[in-house]
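Content type mmCIF, C-alpha atoms, from the file my_file.cif:
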data_coords
#
loop_
_atom_site.label_atom_id
_atom_site.label_comp_id
_atom_site.auth_asym_id
_atom_site.auth_seq_id
_atom_site.Cartn_x
_atom_site.Cartn_y
_atom_site.Cartn_z
CA MET M 1 36.58 -59.59 -12.57
CA THR M 2 34.87 -56.32 -13.50
CA ALA M 3 31.21 -56.91 -14.32
CA THR M 4 30.90 -53.90 -16.63
CA ARG M 5 32.89 -51.13 -18.25
CA LEU M 6 32.17 -48.04 -20.33
CA ILE M 7 31.25 -48.97 -23.86
CA SER M 8 33.68 -48.13 -26.67
CA ILE M 9 33.32 -47.71 -30.42
CA ASP M 10 35.71 -50.66 -30.62
CA ASP M 11 32.96 -52.84 -29.08
CA ALA M 12 30.78 -52.53 -32.21
CA PRO M 13 31.97 -55.76 -33.90
CA ALA M 14 31.51 -57.85 -30.73
CA ILE M 15 28.08 -56.38 -30.02
CA THR M 16 27.01 -56.90 -33.62
CA LYS M 17 28.07 -60.54 -33.50
CA LEU M 18 26.21 -60.98 -30.21
CA ILE M 19 22.94 -59.41 -31.38
CA LEU M 20 23.02 -61.36 -34.62
CA ALA M 21 23.50 -64.64 -32.74
CA SER M 22 20.69 -63.70 -30.30
CA ARG M 23 18.35 -61.92 -32.69
CA ASP M 24 15.36 -64.24 -32.24
CA PHE M 25 16.00 -64.56 -28.50
CA LEU M 26 16.05 -60.78 -27.95
CA ALA M 27 13.18 -59.87 -30.31
CA PRO M 28 10.28 -60.41 -27.83
CA TRP M 29 11.93 -58.09 -25.28
CA GLU M 30 12.97 -55.18 -27.48
CA PRO M 31 11.52 -52.54 -29.82
CA ALA M 32 11.29 -53.51 -33.48
CA ARG M 33 14.71 -52.81 -35.04
CA SER M 34 15.72 -51.69 -38.52
CA GLU M 35 18.14 -53.89 -40.42
CA SER M 36 20.90 -51.29 -39.88
CA HIS M 37 20.77 -52.10 -36.15
CA PHE M 38 22.25 -55.51 -36.94
CA THR M 39 25.33 -54.13 -38.70
CA VAL M 40 28.70 -53.02 -37.37
CA GLU M 41 28.10 -49.54 -38.77
CA GLY M 42 24.69 -49.39 -37.10
CA GLN M 43 26.25 -50.38 -33.79
CA ARG M 44 29.06 -47.84 -34.22
CA ASN M 45 26.42 -45.15 -34.74
CA ALA M 46 24.42 -46.27 -31.69
CA ILE M 47 27.54 -46.39 -29.53
CA GLY M 48 28.65 -42.98 -30.77
CA ASP M 49 25.25 -41.54 -29.87
CA ALA M 50 25.40 -43.16 -26.43
CA LEU M 51 28.89 -41.78 -25.78
CA THR M 52 27.74 -38.29 -26.83
CA ARG M 53 24.90 -38.53 -24.30
CA ALA M 54 27.36 -39.81 -21.70
CA ALA M 55 29.56 -36.76 -22.26
CA ARG M 56 26.48 -34.60 -21.60
CA GLY M 57 25.87 -36.46 -18.33
CA ILE M 58 22.46 -37.85 -19.26
CA MET M 59 23.44 -41.48 -19.88
CA LEU M 60 26.05 -43.99 -18.74
CA PRO M 61 26.38 -46.84 -21.30
CA HIS M 62 28.36 -49.93 -20.28
CA VAL M 63 28.97 -53.37 -21.71
CA ILE M 64 28.42 -56.50 -19.61
CA LEU M 65 31.50 -58.70 -19.40
CA ASP M 66 31.87 -62.39 -18.62
CA GLU M 67 34.60 -63.92 -16.46
CA ASP M 68 37.03 -63.81 -19.40
CA GLY M 69 36.32 -60.16 -20.16
CA ALA M 70 34.28 -60.92 -23.30
CA VAL M 71 31.31 -58.65 -24.08
CA GLN M 72 28.02 -60.48 -23.39
CA GLY M 73 25.50 -57.63 -23.38
CA ARG M 74 24.81 -54.04 -22.46
CA VAL M 75 23.64 -52.21 -19.35
CA THR M 76 22.84 -48.52 -19.32
CA LEU M 77 21.78 -45.82 -16.91
CA ASN M 78 19.40 -43.75 -19.06
CA ASN M 79 17.64 -40.43 -18.63
CA VAL M 80 19.84 -39.17 -15.80
CA ILE M 81 17.96 -36.24 -14.30
CA ARG M 82 19.58 -33.91 -11.79
CA GLY M 83 18.05 -31.18 -9.65
CA PRO M 84 15.60 -32.29 -6.97
CA PHE M 85 14.91 -35.62 -8.77
CA GLN M 86 18.47 -37.10 -8.89
CA SER M 87 17.20 -40.19 -10.70
CA CYS M 88 17.76 -42.40 -13.72
CA SER M 89 16.33 -45.45 -15.42
CA LEU M 90 18.15 -48.73 -15.92
CA GLY M 91 18.10 -50.97 -18.98
CA TYR M 92 20.04 -54.13 -19.78
CA TRP M 93 20.19 -57.14 -22.06
CA LEU M 94 22.34 -60.24 -22.45
CA GLY M 95 22.99 -62.47 -25.41
CA GLU M 96 21.17 -65.79 -25.31
CA SER M 97 24.24 -67.88 -24.47
CA ALA M 98 25.05 -65.67 -21.45
CA ASN M 99 21.70 -66.07 -19.70
CA GLY M 100 21.46 -67.89 -16.38
CA ARG M 101 25.08 -67.31 -15.36
CA GLY M 102 24.56 -64.38 -12.96
CA LEU M 103 26.07 -61.83 -15.35
CA ALA M 104 23.02 -59.55 -15.38
CA THR M 105 22.77 -59.66 -11.58
CA ARG M 106 26.43 -58.63 -11.24
CA ALA M 107 26.12 -55.97 -13.92
CA VAL M 108 23.07 -54.38 -12.27
CA ALA M 109 24.85 -54.44 -8.90
CA ASN M 110 27.83 -52.66 -10.46
CA MET M 111 25.65 -50.00 -12.09
CA LYS M 112 23.79 -49.49 -8.83
CA ARG M 113 27.12 -48.85 -7.05
CA ILE M 114 28.11 -46.34 -9.73
CA ALA M 115 24.71 -44.59 -9.68
CA PHE M 116 24.65 -44.21 -5.91
CA GLY M 117 28.40 -43.67 -5.51
CA GLN M 118 30.14 -41.88 -8.37
CA LEU M 119 26.97 -40.24 -9.76
CA ALA M 120 25.44 -39.55 -6.32
CA LEU M 121 21.92 -40.29 -7.56
CA HIS M 122 19.01 -40.86 -5.19
CA ARG M 123 16.88 -43.29 -7.21
CA ILE M 124 17.05 -45.85 -10.03
CA GLU M 125 13.94 -47.03 -11.85
CA ALA M 126 13.60 -50.11 -14.06
CA GLY M 127 10.68 -51.65 -15.90
CA THR M 128 10.10 -55.17 -17.15
CA LEU M 129 7.45 -56.77 -19.28
CA LYS M 130 4.90 -58.45 -17.03
CA HIS M 131 6.03 -61.92 -18.13
CA ASN M 132 9.80 -61.27 -17.92
CA VAL M 133 10.30 -63.18 -14.67
CA ARG M 134 14.08 -63.60 -15.17
CA SER M 135 14.63 -59.86 -15.36
CA GLN M 136 12.37 -59.33 -12.34
CA ARG M 137 14.56 -61.75 -10.37
CA VAL M 138 17.69 -59.77 -11.33
CA LEU M 139 16.08 -56.62 -9.97
CA ASP M 140 14.85 -58.39 -6.81
CA ARG M 141 18.37 -59.68 -6.11
CA ASN M 142 19.63 -56.12 -6.34
CA GLY M 143 17.17 -54.64 -3.86
CA PHE M 144 14.70 -53.14 -6.33
CA GLU M 145 11.10 -53.01 -5.14
CA ARG M 146 8.02 -53.22 -7.31
CA PHE M 147 6.02 -50.01 -7.10
CA GLY M 148 3.54 -50.10 -9.93
CA LEU M 149 2.21 -51.21 -13.27
CA ALA M 150 2.44 -48.97 -16.33
CA PRO M 151 -0.20 -49.93 -18.91
CA ASN M 152 0.87 -49.72 -22.56
CA TYR M 153 4.22 -48.37 -21.38
CA LEU M 154 6.59 -49.18 -24.26
CA LEU M 155 6.35 -50.29 -27.86
CA ILE M 156 8.05 -53.69 -27.63
CA ALA M 157 8.06 -56.29 -30.41
CA GLY M 158 5.64 -54.09 -32.36
CA GLN M 159 2.99 -53.85 -29.59
CA TRP M 160 2.35 -51.41 -26.77
CA GLN M 161 2.98 -53.54 -23.70
CA ASP M 162 2.39 -53.24 -19.97
CA HIS M 163 5.45 -53.04 -17.72
CA ILE M 164 5.96 -53.69 -14.04
CA LEU M 165 7.91 -50.79 -12.54
CA PHE M 166 10.66 -51.23 -9.97
CA GLN M 167 12.84 -48.79 -8.08
CA THR M 168 15.64 -48.70 -5.59
CA ILE M 169 16.50 -45.74 -3.41
CA ASN M 170 19.92 -44.64 -2.17
CA ASP M 171 19.40 -44.65 1.59
CA LEU M 172 22.84 -43.22 2.37
#
This entry written out as structure tokens:
Amino acid sequence: MTATRLISIDDAPAITKLILASRDFLAPWEPARSESHFTVEGQRNAIGDALTRAARGIMLPHVILDEDGAVQGRVTLNNVIRGPFQSCSLGYWLGESANGRGLATRAVANMKRIAFGQLALHRIEAGTLKHNVRSQRVLDRNGFERFGLAPNYLLIAGQWQDHILFQTINDL
């Protein structure tokens, strides 16, 4: 079973349903969201923006799929930078009911293969909140190494929060 695939505008209803069902679960790990984020139209707009960035080569937005092919979250290669850097950042989330089933681990592995294969990137960076041990385990399982701490790195849940930074390098 494919762990991920390119997101589609047609995924907006499924993603909306998922984020509504997991709203309280996701809130501590994400930026504060406007109410429009939790609507099908808001998701269509976000997906459209992501696909525009993908067409420009600066983002690769995928959905995370379960064994039955149902959408369970998102995983994205962000801020793709070419030239001598050849790097990107990785972000992902799963709905509450999909946690603990290995879906994020498989999704990150798939995106790593794409980044180092199809996109021929040299490096992927990811950051987690200091207390997000589950996400740190996903990165560890995929060969990411901790390389630093970024104080007040991102505005998450309404507060500037420290993040542990991880990276993996394409050694090929």
Using the chain letters and numbers from the file, give me the residues hit by the PyMOL selection byres ((chain M and resi 122) around 9), as an MDAnalysis selection string.
-> chainID M and resid 85:88 115:116 120:121 123:124 168:172
Could you state which residues are captured by the PyMOL selection byres ((chain M and resi 130) around 10) in this file, as a ChimeraX atom specification?
-> /M:127-129,131-133,135-136,149-150,161-165
Go ahead and save the picked residues with C-alpha atoms, as a tab-separated table (two decimals), in the coordinates of the input.
chain	number	residue	atom	x	y	z
M	127	GLY	CA	10.68	-51.65	-15.90
M	128	THR	CA	10.10	-55.17	-17.15
M	129	LEU	CA	7.45	-56.77	-19.28
M	131	HIS	CA	6.03	-61.92	-18.13
M	132	ASN	CA	9.80	-61.27	-17.92
M	133	VAL	CA	10.30	-63.18	-14.67
M	135	SER	CA	14.63	-59.86	-15.36
M	136	GLN	CA	12.37	-59.33	-12.34
M	149	LEU	CA	2.21	-51.21	-13.27
M	150	ALA	CA	2.44	-48.97	-16.33
M	161	GLN	CA	2.98	-53.54	-23.70
M	162	ASP	CA	2.39	-53.24	-19.97
M	163	HIS	CA	5.45	-53.04	-17.72
M	164	ILE	CA	5.96	-53.69	-14.04
M	165	LEU	CA	7.91	-50.79	-12.54
Skip M:Glu96 itself and residues of its chain fewer than 3 positions away, then list as a VMD selection string all residues within 8 Å of it, counting all atoms listed in the file.
-> chain M and resid 21 to 22 25 to 26 99
Would you mind listing, for every residue of stretch 26-74 of chain M within 8 Å of stretch 9-13 of chain M, the two atoms forming the shortest contact and the distance between them in Å to one decimal, using all atoms listed in the file, sorted by chain and ascending residue number, as JSON lines?
{"residue": "M:Val40", "atom": "CA", "partner": "M:Pro13", "partner_atom": "CA", "distance": 5.5}
{"residue": "M:Glu41", "atom": "CA", "partner": "M:Ala12", "partner_atom": "CA", "distance": 7.7}
{"residue": "M:Gln43", "atom": "CA", "partner": "M:Ala12", "partner_atom": "CA", "distance": 5.3}
{"residue": "M:Arg44", "atom": "CA", "partner": "M:Ala12", "partner_atom": "CA", "distance": 5.4}
{"residue": "M:Ile47", "atom": "CA", "partner": "M:Ile9", "partner_atom": "CA", "distance": 6.0}
{"residue": "M:Gly48", "atom": "CA", "partner": "M:Ile9", "partner_atom": "CA", "distance": 6.7}
{"residue": "M:Val71", "atom": "CA", "partner": "M:Asp11", "partner_atom": "CA", "distance": 7.8}
If the PyMOL selection byres ((chain M and resi 38) around 10) is run on the structure shown, which residues does it catch, given as a count of residues only?
-> 17
